[in-house]
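K.L.:
First the structure, then my questions, so here it is.
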Amino acid sequence: MTSLPPQPLSPLDGRYRAAVGELGEFLSEAGLNRARVEVEVEWLIALTDRGLFGTSPLSDDDKAKLRALYREFGQAEIDWLADKEAVTRHDVKAVEYLVRDRLSSLGLDAVAELTHFACTSEDINSTSYALTVRRAVERVWLPKLREVVATLSALAVRHRDAAMLSRTHGQPATPSTMGKELAVFAWRLDRVADQIERGEYLAKFSGATGTWSAHLSAAPEVDWPSVSREFIQGLGLDFNVLTTQIESHDWQVELYDRARHAGGILHNLATDIWTYISIGYFTQIPVAGATGSSTMPHKINPIRFENAEANLEIAGGLFATLSQKLVTSRLQRDLTDSTTQRNIGVAFGHSLLALDNLQRGLGEISLAEDVLLADLDANWEVLAEAIQTVVRAEIAAGRSKISDPYALLKDLTRGRRVGAAELAEFVRGLDIGDDAKERLLALTPATYDGLASRLVDELG
């Protein structure tokens with residue numbers, strides 16, 4: 001047997017690459033290194049802009065050439081860094097050497113010693129991770145989550161009046177509408193998405209143990225905390241002033257917990273839609289050329305929702321691991337966060353893949369309103385709640401002497417089917433006012449859905 005050519009080990013980089021490839025722009029090794037170059041270049045520019053250590057601000061032309069190092073970062077830089085890291089065995093040091101090399105080629109050797117000035121690797125890394133994760137979330141992952149919410153909201157509005165039998169504990173229960181039930185998911189997801197959108201992305205820039213010791217040794221007259229804060233905020237990030245060698249990662253823990261929370265809601269959505277399909281509430285729209293089963297030609301399997309379910313479980317496990325690990329660092333620093341953070345893209349990748357499948361799946365289903373109505377018509381006993389509640393109101397108003405309306409309805413309906421005629425006969429025999437009887441006799445399972453339709457308007 002011959003050996004295969006090099007193959008991707010993760011399905012995210014193989015089978016599912018088209019669905020998640022955008023994340024690679026930010027959460028890949030190359031994306032991280034590009035951000036590291038960006039931070040190194042911008043720090044050098046920030047120092048020279050202040051004229052520190054006898055320097056003068058760089059010309060606009062020189063700044064543009066420097067910024068081209070990360071704005072035009074490509075395969076040549078990726079290869080250069082790989083070769084250099086093979087020697088240095090240190091990824092951030094390789095980035096520093098890349099910037100120094102390019103400074104020399106640009107004729108800017110005079111400021112070369114300000115490359116990586118007074119920085120520990122975590123100054124560069126915390127800032128780079130904050131940049132790449134923020135960009136991945138705001139430009140790729142969160143918009144896809146918002147698309148799913150928008151699709152759900154549109155379906156909720158479309159089906160707001162489609163009465164359906166609820167299934168609390170899997171048993172026939174007070175009717176709702178399909179639109180209201182979908183609106184519940186949209187509402188939940190929108191709330192978590194808003195929390196994620198308001199989240200912080202923190203970075204530190206304070207040296208080896210978060211004390212600015214080296215900075216003060218070189219220039220004690222400079223207000224280094226203010227310089228660092230201005231630099232980090234200038235990159236569009238939030239500044240963490242009180243740290244050890246590392247930025248404490250609490251913002252990451254918060255983000256991944258919220259992403260996992262969103263994933264849990266999405267998982268609930270996937271299993272509910274799968275169940276609705278299995279009982280015939282939704283039919284699946286055939287896709288031309290697609291095969292449902294390798295042996296049963298009639299089948300259209302709900303693969304979009306099953307794929308989403310599985311990938312949300314994988315993503316949730318990874319997000320939980322990230323949150324659990326990154327909240328702790330031994331003393332002033334240990335390196336376990338480094339290899340852990342390299343899996344951020346994997347977690348978001350499986351989550352994004354799930355979102356993509358849900359978005360596609362929601363567009364490939366059609367509501368079978370005839371099935372919903374038939375199910376309602378077969379379960380008139382769900383009106384028992386309405387009857388006993390009306391009887392209670394009549395007793396309170398002095399228009400009935402029934403002693404235990406709940407027990408009365410329990411004896412009539414519990415564990416058995418009651419048809420429309422039988423229920424109408426029962427209502428006519430009740431000791432309640434005529435208006436109350438008329439209201440109850442007018443009810444059907446399909447009209448006993450309360451404010452379900454109106455509640456869809458809460459989506460805004």
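By convention here, the chains of the structure tokens are called A, B, ... in the order presented, each chain's residues are numbered starting at 1, and ligands are numbered starting at 1 in the order presented.
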Pick out each residue of range 192-397 of chain A that DSSP on the backbone tags as strand (DSSP E or B); I need them as a PyMOL selection string.
P.N.:
chain A and resi 202-203+238-239+282-284+365-367
K.L.:
Within range 84-259 of chain A, find each residue whose DSSP state, derived from the backbone, is helix (DSSP H, G or I), and express the selection as a PyMOL selection string.
P.N.:
chain A and resi 84-88+91-105+109-114+121-158+168-170+178-197+213-218+224-234+250-259
K.L.:
Could you state the separation of CA of Ile196 in chain A and CA of Ala130 in chain A in Å, given to one decimal place?
P.N.:
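For CA of Ile196 in chain A relative to CA of Ala130 in chain A, the distance reads 14.0 Å.
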K.L.:
Each residue of range 347-406 of chain A with at least one atom at most 7 Å from range 19-32 of chain A should appear once, together with its nearest atom pair and the corresponding distance in Å (one decimal); atoms considered: only C-alpha atoms; ordering: chain, then increasing residue number; output as JSON lines.
P.N.:
```
{"residue": "A:Gly349", "atom": "CA", "partner": "A:Val20", "partner_atom": "CA", "distance": 5.8}
{"residue": "A:Leu352", "atom": "CA", "partner": "A:Val20", "partner_atom": "CA", "distance": 6.4}
{"residue": "A:Leu353", "atom": "CA", "partner": "A:Ala19", "partner_atom": "CA", "distance": 6.1}
{"residue": "A:Asp356", "atom": "CA", "partner": "A:Ala19", "partner_atom": "CA", "distance": 6.9}
```
K.L.:
Could you write out that same residue set with C-alpha atoms as a PDB file, in the first residue's frame?
P.N.:
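Here's the written file out.pdb:
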```pdb
ATOM      1  CA  GLY A 349     -14.457  26.557  13.453  1.00  0.00           C
ATOM      2  CA  LEU A 352     -19.169  28.253  12.593  1.00  0.00           C
ATOM      3  CA  LEU A 353     -19.686  24.960  10.767  1.00  0.00           C
ATOM      4  CA  ASP A 356     -23.614  27.207   8.499  1.00  0.00           C
TER       5      ASP A 356
END
```
K.L.:
Which residues are near Ala193 in chain A? Cut-off 8 Å, only C-alpha atoms, ignore same chain within fewer than 6 positions. Put them as a short mmCIF file (atom, residue, chain, number, x, y, z; two decimals) with all heavy atoms, in the first residue's frame.
P.N.:
```cif
data_model
loop_
_atom_site.label_atom_id
_atom_site.label_comp_id
_atom_site.auth_asym_id
_atom_site.auth_seq_id
_atom_site.Cartn_x
_atom_site.Cartn_y
_atom_site.Cartn_z
N LEU A 142 -19.76 36.20 14.52
CA LEU A 142 -20.96 36.88 14.99
C LEU A 142 -21.92 37.23 13.85
O LEU A 142 -23.14 37.06 14.00
CB LEU A 142 -20.58 38.14 15.78
CG LEU A 142 -21.69 38.81 16.58
CD1 LEU A 142 -22.35 37.85 17.55
CD2 LEU A 142 -21.14 40.03 17.33
N LEU A 145 -23.87 34.12 13.22
CA LEU A 145 -24.87 33.93 14.27
C LEU A 145 -26.06 34.86 14.05
O LEU A 145 -27.22 34.44 14.18
CB LEU A 145 -24.25 34.18 15.64
CG LEU A 145 -25.20 34.10 16.85
CD1 LEU A 145 -25.83 32.73 16.96
CD2 LEU A 145 -24.45 34.46 18.14
N ARG A 146 -25.78 36.11 13.70
CA ARG A 146 -26.87 37.06 13.43
C ARG A 146 -27.71 36.61 12.23
O ARG A 146 -28.93 36.83 12.20
CB ARG A 146 -26.29 38.45 13.16
CG ARG A 146 -25.58 39.11 14.34
CD ARG A 146 -26.55 39.54 15.41
NE ARG A 146 -25.94 40.45 16.38
CZ ARG A 146 -26.50 40.81 17.51
NH1 ARG A 146 -27.70 40.35 17.84
NH2 ARG A 146 -25.88 41.64 18.34
N ALA A 262 -24.34 30.30 23.65
CA ALA A 262 -25.04 30.40 22.36
C ALA A 262 -25.13 29.03 21.70
O ALA A 262 -26.16 28.66 21.13
CB ALA A 262 -24.33 31.39 21.44
#
```
